[in-house]
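Structure file structure.cif (mmCIF, C-alpha atoms and all ligand atoms) is printed below.
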```cif
data_my_file
loop_
_atom_site.label_atom_id
_atom_site.label_comp_id
_atom_site.auth_asym_id
_atom_site.auth_seq_id
_atom_site.Cartn_x
_atom_site.Cartn_y
_atom_site.Cartn_z
CA MET A 1 -21.45 -49.80 211.76
CA SER A 2 -17.90 -48.76 210.99
CA ALA A 3 -15.88 -46.38 213.17
CA THR A 4 -16.66 -43.59 210.76
CA ALA A 5 -20.37 -44.28 210.46
CA GLY A 6 -22.99 -41.68 211.28
CA PHE A 7 -22.43 -38.55 209.21
CA SER A 8 -21.75 -40.60 206.10
CA GLU A 9 -23.58 -43.79 207.05
CA GLN A 10 -20.41 -45.37 205.74
CA SER A 11 -21.09 -49.03 206.31
CA ALA A 12 -24.61 -48.89 204.89
CA ALA A 13 -23.87 -46.89 201.78
CA GLY A 14 -20.22 -47.44 201.00
CA GLY A 15 -19.38 -43.97 202.33
CA TRP A 16 -20.90 -42.04 199.45
CA ARG A 17 -23.57 -39.97 201.10
CA TYR A 18 -24.38 -37.40 203.77
CA ASP A 19 -27.05 -38.43 206.25
CA GLY A 20 -30.23 -36.49 207.00
CA ILE A 21 -28.76 -34.50 209.90
CA ALA A 22 -25.83 -33.24 207.77
CA LYS A 23 -28.18 -32.32 204.93
CA ALA A 24 -30.60 -30.62 207.33
CA PHE A 25 -27.78 -28.54 208.84
CA HIS A 26 -26.50 -27.63 205.36
CA TRP A 27 -29.78 -26.42 203.90
CA LEU A 28 -30.98 -24.80 207.13
CA VAL A 29 -27.82 -22.65 207.23
CA VAL A 30 -28.16 -21.85 203.51
CA ALA A 31 -31.75 -20.65 204.09
CA MET A 32 -30.73 -18.64 207.17
CA LEU A 33 -27.90 -16.98 205.22
CA VAL A 34 -30.25 -16.03 202.39
CA VAL A 35 -32.46 -14.23 204.92
CA GLN A 36 -29.45 -12.79 206.76
CA TYR A 37 -27.79 -11.32 203.70
CA SER A 38 -31.11 -10.03 202.33
CA VAL A 39 -31.87 -8.24 205.60
CA ALA A 40 -28.27 -6.96 205.93
CA LEU A 41 -28.07 -5.59 202.43
CA VAL A 42 -31.53 -4.02 202.45
CA LEU A 43 -30.74 -2.53 205.86
CA GLY A 44 -30.03 1.13 205.29
CA LEU A 45 -30.25 0.90 201.52
CA ILE A 46 -33.84 1.06 200.32
CA LEU A 47 -35.85 1.21 203.52
CA PRO A 48 -36.56 4.41 205.40
CA LYS A 49 -34.51 5.07 208.53
CA SER A 50 -37.52 4.36 210.73
CA ALA A 51 -37.50 0.72 209.62
CA GLU A 52 -33.86 0.16 210.50
CA ASP A 53 -34.37 -0.63 214.17
CA GLY A 54 -36.73 -3.48 213.37
CA LEU A 55 -34.49 -4.78 210.61
CA ALA A 56 -31.40 -4.55 212.81
CA ALA A 57 -33.21 -6.63 215.44
CA TRP A 58 -33.99 -9.19 212.73
CA HIS A 59 -30.32 -9.16 211.70
CA PHE A 60 -29.18 -9.75 215.30
CA ALA A 61 -31.83 -12.44 215.89
CA MET A 62 -30.99 -14.39 212.74
CA GLY A 63 -27.22 -13.85 213.08
CA SER A 64 -27.14 -15.11 216.68
CA SER A 65 -29.28 -18.10 215.65
CA ILE A 66 -26.77 -18.89 212.89
CA LEU A 67 -24.04 -18.84 215.55
CA VAL A 68 -25.88 -21.40 217.69
CA VAL A 69 -26.73 -23.63 214.72
CA MET A 70 -23.13 -23.50 213.49
CA LEU A 71 -21.77 -24.45 216.94
CA ALA A 72 -24.10 -27.46 216.97
CA ARG A 73 -23.14 -28.26 213.38
CA LEU A 74 -19.43 -28.04 214.20
CA ALA A 75 -19.90 -30.41 217.15
CA TRP A 76 -21.68 -32.83 214.79
CA ARG A 77 -19.00 -32.47 212.13
CA LEU A 78 -16.15 -33.12 214.59
CA THR A 79 -17.76 -36.33 215.80
CA HIS A 80 -18.98 -37.70 212.45
CA THR A 81 -16.81 -38.38 209.41
CA PRO A 82 -18.11 -36.97 206.12
CA PRO A 83 -18.06 -39.04 202.93
CA PRO A 84 -14.74 -38.99 201.07
CA PRO A 85 -14.13 -36.88 197.96
CA PRO A 86 -14.36 -38.70 194.63
CA ALA A 87 -11.09 -40.58 194.11
CA ASP A 88 -10.69 -39.14 190.61
CA LEU A 89 -10.76 -35.54 191.87
CA SER A 90 -7.28 -33.95 191.66
CA PRO A 91 -5.46 -33.43 195.00
CA GLY A 92 -5.54 -29.68 194.40
CA LEU A 93 -9.33 -29.58 194.05
CA GLN A 94 -9.76 -31.92 197.02
CA LEU A 95 -7.68 -29.51 199.10
CA LEU A 96 -9.62 -26.48 197.81
CA SER A 97 -12.94 -28.16 198.58
CA ARG A 98 -11.89 -29.18 202.10
CA ALA A 99 -10.40 -25.73 202.80
CA THR A 100 -13.61 -24.04 201.63
CA HIS A 101 -15.69 -26.18 203.98
CA TRP A 102 -13.49 -25.33 206.97
CA VAL A 103 -13.54 -21.62 206.06
CA PHE A 104 -17.35 -21.82 206.29
CA TYR A 105 -17.24 -23.43 209.72
CA ILE A 106 -14.72 -20.91 211.08
CA VAL A 107 -16.14 -17.75 209.48
CA LEU A 108 -19.78 -18.58 210.26
CA ILE A 109 -18.82 -18.79 213.96
CA VAL A 110 -16.37 -15.86 214.10
CA LEU A 111 -18.48 -13.49 211.95
CA PRO A 112 -21.57 -13.45 214.22
CA VAL A 113 -19.31 -12.92 217.26
CA LEU A 114 -17.68 -9.92 215.55
CA GLY A 115 -21.20 -8.66 214.70
CA TRP A 116 -22.06 -8.99 218.38
CA PHE A 117 -19.01 -6.82 219.23
CA ALA A 118 -20.18 -4.30 216.59
CA ALA A 119 -23.72 -4.21 218.00
CA SER A 120 -22.36 -3.82 221.55
CA ALA A 121 -20.29 -0.81 220.46
CA HIS A 122 -23.56 0.74 219.20
CA GLY A 123 -24.96 0.11 222.71
CA ALA A 124 -27.53 -2.26 221.12
CA THR A 125 -28.70 -5.35 223.00
CA VAL A 126 -28.61 -8.53 220.94
CA ARG A 127 -31.47 -10.96 221.55
CA LEU A 128 -30.62 -14.58 220.78
CA ALA A 129 -33.22 -15.75 218.24
CA GLY A 130 -34.96 -12.45 218.98
CA LEU A 131 -35.89 -13.67 222.47
CA ILE A 132 -33.06 -14.06 224.99
CA PRO A 133 -31.12 -10.86 225.72
CA LEU A 134 -27.35 -11.33 225.55
CA PRO A 135 -24.85 -9.20 227.48
CA LEU A 136 -22.91 -6.39 225.78
CA LEU A 137 -19.45 -7.74 224.90
CA VAL A 138 -17.85 -4.27 225.13
CA PRO A 139 -19.05 -0.88 226.36
CA LYS A 140 -20.73 1.57 223.96
CA ASP A 141 -18.20 3.26 221.64
CA ASP A 142 -15.44 0.81 222.63
CA PRO A 143 -12.62 1.15 220.03
CA PHE A 144 -12.40 -2.58 219.27
CA GLY A 145 -16.18 -2.81 218.89
CA LYS A 146 -16.21 0.23 216.61
CA ALA A 147 -13.47 -1.35 214.48
CA MET A 148 -15.67 -4.43 214.16
CA GLN A 149 -18.43 -2.24 212.68
CA THR A 150 -16.09 -1.99 209.68
CA VAL A 151 -14.47 -5.43 209.83
CA HIS A 152 -17.72 -7.42 210.23
CA PRO A 153 -19.35 -6.23 206.99
CA VAL A 154 -16.04 -6.59 205.09
CA ILE A 155 -15.72 -10.24 206.16
CA ALA A 156 -19.42 -10.83 205.41
CA ILE A 157 -19.10 -9.47 201.88
CA THR A 158 -15.83 -11.39 201.31
CA LEU A 159 -17.61 -14.57 202.39
CA LEU A 160 -19.96 -14.10 199.43
CA ALA A 161 -16.98 -14.78 197.13
CA VAL A 162 -16.26 -18.04 198.97
CA ILE A 163 -19.94 -18.98 198.68
CA ALA A 164 -19.80 -18.26 194.92
CA LEU A 165 -16.70 -20.48 194.65
CA HIS A 166 -18.43 -23.26 196.59
CA ILE A 167 -21.58 -23.11 194.44
CA SER A 168 -19.41 -23.12 191.30
CA GLY A 169 -17.76 -26.29 192.63
CA ALA A 170 -21.15 -27.91 193.24
CA LEU A 171 -22.29 -27.03 189.70
CA TYR A 172 -18.97 -28.28 188.26
CA HIS A 173 -19.60 -31.64 189.93
CA ALA A 174 -23.21 -31.69 188.74
CA PHE A 175 -22.79 -30.66 185.11
CA VAL A 176 -19.13 -31.28 184.16
CA LYS A 177 -17.97 -34.21 186.30
CA ARG A 178 -21.48 -35.68 186.72
CA ASP A 179 -20.13 -37.66 189.67
CA GLY A 180 -23.08 -37.45 192.06
CA VAL A 181 -21.38 -35.13 194.58
CA LEU A 182 -24.24 -32.62 194.36
CA GLN A 183 -26.87 -35.33 194.75
CA ARG A 184 -25.35 -36.58 197.98
CA MET A 185 -26.08 -33.23 199.62
CA LEU A 186 -29.59 -32.86 198.15
CA PRO A 187 -32.72 -33.76 200.14
CA GLY A 188 -34.48 -36.97 199.32
CA ARG A 189 -33.27 -40.37 198.34
CA ASN A 190 -29.55 -40.89 198.90
CA PHE A 191 -27.37 -41.40 195.86
CA GLU A 192 -25.25 -44.53 195.48
CA ARG A 193 -22.26 -43.80 193.25
CA ASP A 194 -22.29 -46.32 190.41
CA GLY A 195 -24.25 -48.52 192.80
CA LYS A 196 -21.03 -49.50 194.60
CA SER A 197 -18.74 -48.44 197.41
CA ALA A 198 -16.63 -45.35 196.83
C1 LIG A 201 -23.54 -15.13 209.59
C2 LIG A 201 -24.06 -14.10 210.17
C3 LIG A 201 -24.01 -12.69 209.67
C4 LIG A 201 -23.85 -12.18 208.40
C5 LIG A 201 -23.72 -12.95 207.09
C6 LIG A 201 -23.86 -10.74 208.51
C7 LIG A 201 -23.74 -9.86 207.46
C8 LIG A 201 -23.70 -8.51 207.55
C9 LIG A 201 -23.56 -7.58 206.45
C10 LIG A 201 -23.45 -7.98 204.98
C11 LIG A 201 -23.56 -6.33 206.96
C12 LIG A 201 -23.44 -5.02 206.17
C13 LIG A 201 -24.80 -4.37 206.04
C14 LIG A 201 -24.77 -3.07 205.24
O1 LIG A 201 -23.73 -2.42 205.20
O2 LIG A 201 -25.83 -2.70 204.68
C15 LIG A 201 -23.71 -6.44 208.39
C16 LIG A 201 -23.75 -5.38 209.26
C17 LIG A 201 -23.91 -5.49 210.61
N1 LIG A 201 -24.08 -6.64 211.32
FE1 LIG A 201 -24.05 -8.50 210.58
N2 LIG A 201 -24.02 -10.40 209.83
C18 LIG A 201 -24.11 -11.56 210.57
C19 LIG A 201 -24.29 -11.68 211.93
C20 LIG A 201 -24.43 -10.60 212.79
C21 LIG A 201 -24.69 -10.69 214.21
C22 LIG A 201 -24.89 -12.00 214.99
C23 LIG A 201 -24.73 -9.43 214.69
C24 LIG A 201 -24.96 -8.94 216.10
C25 LIG A 201 -25.15 -9.73 217.09
C26 LIG A 201 -24.48 -8.53 213.59
C27 LIG A 201 -24.41 -7.17 213.70
C28 LIG A 201 -24.20 -6.31 212.66
C29 LIG A 201 -24.10 -4.89 212.82
C30 LIG A 201 -24.19 -4.09 214.12
C31 LIG A 201 -23.91 -4.37 211.54
C32 LIG A 201 -23.73 -2.89 211.15
C33 LIG A 201 -22.28 -2.53 211.31
C34 LIG A 201 -22.20 -1.02 211.40
O3 LIG A 201 -22.15 -0.39 210.34
O4 LIG A 201 -22.27 -0.53 212.51
N3 LIG A 201 -24.31 -9.29 212.45
N4 LIG A 201 -23.79 -7.77 208.72
C1 LIG A 202 -24.86 -20.24 201.73
C2 LIG A 202 -24.12 -20.99 201.17
C3 LIG A 202 -23.51 -22.31 201.55
C4 LIG A 202 -22.72 -22.68 202.60
C5 LIG A 202 -22.26 -21.80 203.75
C6 LIG A 202 -22.36 -24.07 202.43
C7 LIG A 202 -21.56 -24.80 203.29
C8 LIG A 202 -21.14 -26.10 203.10
C9 LIG A 202 -20.28 -26.85 203.97
C10 LIG A 202 -19.68 -26.33 205.29
C11 LIG A 202 -20.11 -28.08 203.45
C12 LIG A 202 -19.25 -29.21 204.01
C13 LIG A 202 -20.11 -30.16 204.81
C14 LIG A 202 -19.23 -31.04 205.63
O1 LIG A 202 -18.54 -31.90 205.09
O2 LIG A 202 -19.20 -30.87 206.85
C15 LIG A 202 -20.87 -28.11 202.22
C16 LIG A 202 -20.95 -29.19 201.39
C17 LIG A 202 -21.64 -29.18 200.20
N1 LIG A 202 -22.41 -28.15 199.68
FE1 LIG A 202 -22.67 -26.35 200.45
N2 LIG A 202 -22.94 -24.53 201.28
C18 LIG A 202 -23.65 -23.49 200.72
C19 LIG A 202 -24.41 -23.51 199.56
C20 LIG A 202 -24.51 -24.58 198.73
C21 LIG A 202 -25.30 -24.64 197.51
C22 LIG A 202 -26.19 -23.50 197.01
C23 LIG A 202 -25.09 -25.87 196.97
C24 LIG A 202 -25.67 -26.43 195.70
C25 LIG A 202 -25.75 -25.77 194.59
C26 LIG A 202 -24.20 -26.59 197.84
C27 LIG A 202 -23.75 -27.86 197.63
C28 LIG A 202 -22.94 -28.58 198.48
C29 LIG A 202 -22.49 -29.93 198.21
C30 LIG A 202 -22.84 -30.77 196.99
C31 LIG A 202 -21.69 -30.32 199.28
C32 LIG A 202 -20.96 -31.64 199.46
C33 LIG A 202 -19.57 -31.46 198.93
C34 LIG A 202 -18.77 -32.72 199.07
O3 LIG A 202 -19.34 -33.75 199.37
O4 LIG A 202 -17.55 -32.67 198.89
N3 LIG A 202 -23.86 -25.79 198.90
N4 LIG A 202 -21.48 -26.90 202.04
#
```

Take the structure from the file and write it as structure tokens.
Ligand code: HEM
Ligand code: HEM
Amino acid sequence: MSATAGFSEQSAAGGWRYDGIAKAFHWLVVAMLVVQYSVALVLGLILPKSAEDGLAAWHFAMGSSILVVMLARLAWRLTHTPPPPPADLSPGLQLLSRATHWVFYIVLIVLPVLGWFAASAHGATVRLAGLIPLPLLVPKDDPFGKAMQTVHPVIAITLLAVIALHISGALYHAFVKRDGVLQRMLPGRNFERDGKSA
């Protein structure tokens, strides 16, 4: 195994693939975010007020779980080197891609913490994964917590634009460049680029 093996299984595959753990983290977080955004956006929009408490609890449970999964994922990412970008990708797009990935890591850790501040300012107890009660970060009606009730949704909605950019990039690789970058993050058999090392 090379020094960078693990995340990319570099020595075995010529560095052109994500391993099962990286893929599992990726698609688990995608699925959790689909639920999280669906619950958040339905919350207060189409459901009667009486359903909001239950939905808010779902939002806190899923959001705090995303925080824990992202912390584990970050630890994995910092100790395992991902596969390199395709060599023929322009430096600008390589930078954009890398920056997008790091924005996800940072925002998906900071955003749930800001949500936790927002919930605390409502006086609402957050239960990790819906089970373990977490302490209030600030007292009810705390000014910083109340500010986060505005900031948290703004960041969450802004993140949707970054997600759209990221998905556009994945589709660009799949249908324009046809360079196998999408396949290396898909479940199932790992893709070998041109059958040789990248
Ligand atoms: C990645 C995780 C999260 C995402 C994507 C997310 C997304 C959102 C979105 C889009 C809204 C706006 C809902 C609307 O206006 O209809 C919202 C509101 C809210 N979220 Fe989150 N959230 C996350 C994590 C959390 C966590 C972990 C908590 C609490 C522990 C939380 C607490 C709240 C609260 C209290 C509000 C309502 C703010 C207010 O108006 O008072 N969120 N969230
Ligand atoms: C909720 C939305 C998503 C988030 C937050 C997200 C997050 C991420 C992150 C953080 C990475 C970097 C992994 C690493 O190197 O550590 C990544 C890579 C990747 N994602 Fe996503 N992703 C999302 C949705 C999608 C979707 C829907 C697709 C497919 C259409 C996709 C395709 C990919 C691909 C192909 C890579 C590898 C890129 C490369 O090797 O340069 N992602 N994603």

Which chains and residue numbers are within 8 Å of ligand LIG 202 (chain A), counting all atoms listed in the file, if I want them as a tab-separated table (two decimals) with C-alpha atoms, in the frame of the given file?
```
chain	number	residue	atom	x	y	z
A	17	ARG	CA	-23.57	-39.97	201.10
A	18	TYR	CA	-24.38	-37.40	203.77
A	22	ALA	CA	-25.83	-33.24	207.77
A	26	HIS	CA	-26.50	-27.63	205.36
A	27	TRP	CA	-29.78	-26.42	203.90
A	29	VAL	CA	-27.82	-22.65	207.23
A	30	VAL	CA	-28.16	-21.85	203.51
A	31	ALA	CA	-31.75	-20.65	204.09
A	33	LEU	CA	-27.90	-16.98	205.22
A	34	VAL	CA	-30.25	-16.03	202.39
A	74	LEU	CA	-19.43	-28.04	214.20
A	77	ARG	CA	-19.00	-32.47	212.13
A	81	THR	CA	-16.81	-38.38	209.41
A	82	PRO	CA	-18.11	-36.97	206.12
A	83	PRO	CA	-18.06	-39.04	202.93
A	84	PRO	CA	-14.74	-38.99	201.07
A	85	PRO	CA	-14.13	-36.88	197.96
A	97	SER	CA	-12.94	-28.16	198.58
A	98	ARG	CA	-11.89	-29.18	202.10
A	100	THR	CA	-13.61	-24.04	201.63
A	101	HIS	CA	-15.69	-26.18	203.98
A	102	TRP	CA	-13.49	-25.33	206.97
A	103	VAL	CA	-13.54	-21.62	206.06
A	104	PHE	CA	-17.35	-21.82	206.29
A	105	TYR	CA	-17.24	-23.43	209.72
A	108	LEU	CA	-19.78	-18.58	210.26
A	163	ILE	CA	-19.94	-18.98	198.68
A	166	HIS	CA	-18.43	-23.26	196.59
A	167	ILE	CA	-21.58	-23.11	194.44
A	168	SER	CA	-19.41	-23.12	191.30
A	169	GLY	CA	-17.76	-26.29	192.63
A	170	ALA	CA	-21.15	-27.91	193.24
A	171	LEU	CA	-22.29	-27.03	189.70
A	173	HIS	CA	-19.60	-31.64	189.93
A	181	VAL	CA	-21.38	-35.13	194.58
A	182	LEU	CA	-24.24	-32.62	194.36
A	183	GLN	CA	-26.87	-35.33	194.75
A	184	ARG	CA	-25.35	-36.58	197.98
A	185	MET	CA	-26.08	-33.23	199.62
A	186	LEU	CA	-29.59	-32.86	198.15
```

Kindly list the centre and edge lengths in Å, rounded to one decimal, for the axis-aligned box that covers all listed atoms of ligand LIG 201 (chain A) plus 5 Å on each of its six sides, as AutoDock Vina command-line options.
```
--center_x -24.0 --center_y -7.8 --center_z 210.9 --size_x 13.7 --size_y 24.7 --size_z 22.4
```

Next item on the list: Would you please work out which residue, of A:Leu131, A:Phe144, A:Leu78, A:Leu67, is nearest to ligand LIG 201 (chain A) when using all atoms listed in the file?
Entry: A:Leu67

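Neighbouring residues of ligand LIG 201 (chain A) at a cut-off of 6 Å, counting only C-alpha atoms and all ligand atoms, are Gln36, Tyr37, Ala40, Leu41, Leu43, Gly44, Phe60, Gly63, Ser64, Ile66, Leu108, Leu111, Pro112, Gly115, Trp116, Ala118, Ala119, Val126, Gln149, Pro153, Ala156 and Ile157 of chain A.
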
Next item on the list: Write out as a list of chain:residue names each polymer residue whose atoms come within 9 Å of Gly20 in chain A, counting all atoms listed in the file; drop sequence neighbours fewer than 4 positions from it.
Entry: A:Phe7, A:Ala24, A:Phe25, A:Pro187, A:Gly188

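The two atoms in question, CA of Leu136 in chain A and CA of Val113 in chain A, are spaced 11.3 Å apart.
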
Note to self: Please compute the CA of Ala72 in chain A-CA of Pro133 in chain A distance, one decimal, in Å.
What the structure shows: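 Value for the CA of Ala72 in chain A-CA of Pro133 in chain A distance: 20.0 Å.
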
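For the pair CA of Lys140 in chain A and CA of His122 in chain A, the separation is 5.6 Å.
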
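Distances to Trp58 in chain A were evaluated for A:Lys177, A:Arg73, A:Arg127, A:His80 using all atoms listed in the file, and the minimum falls at A:Arg127.
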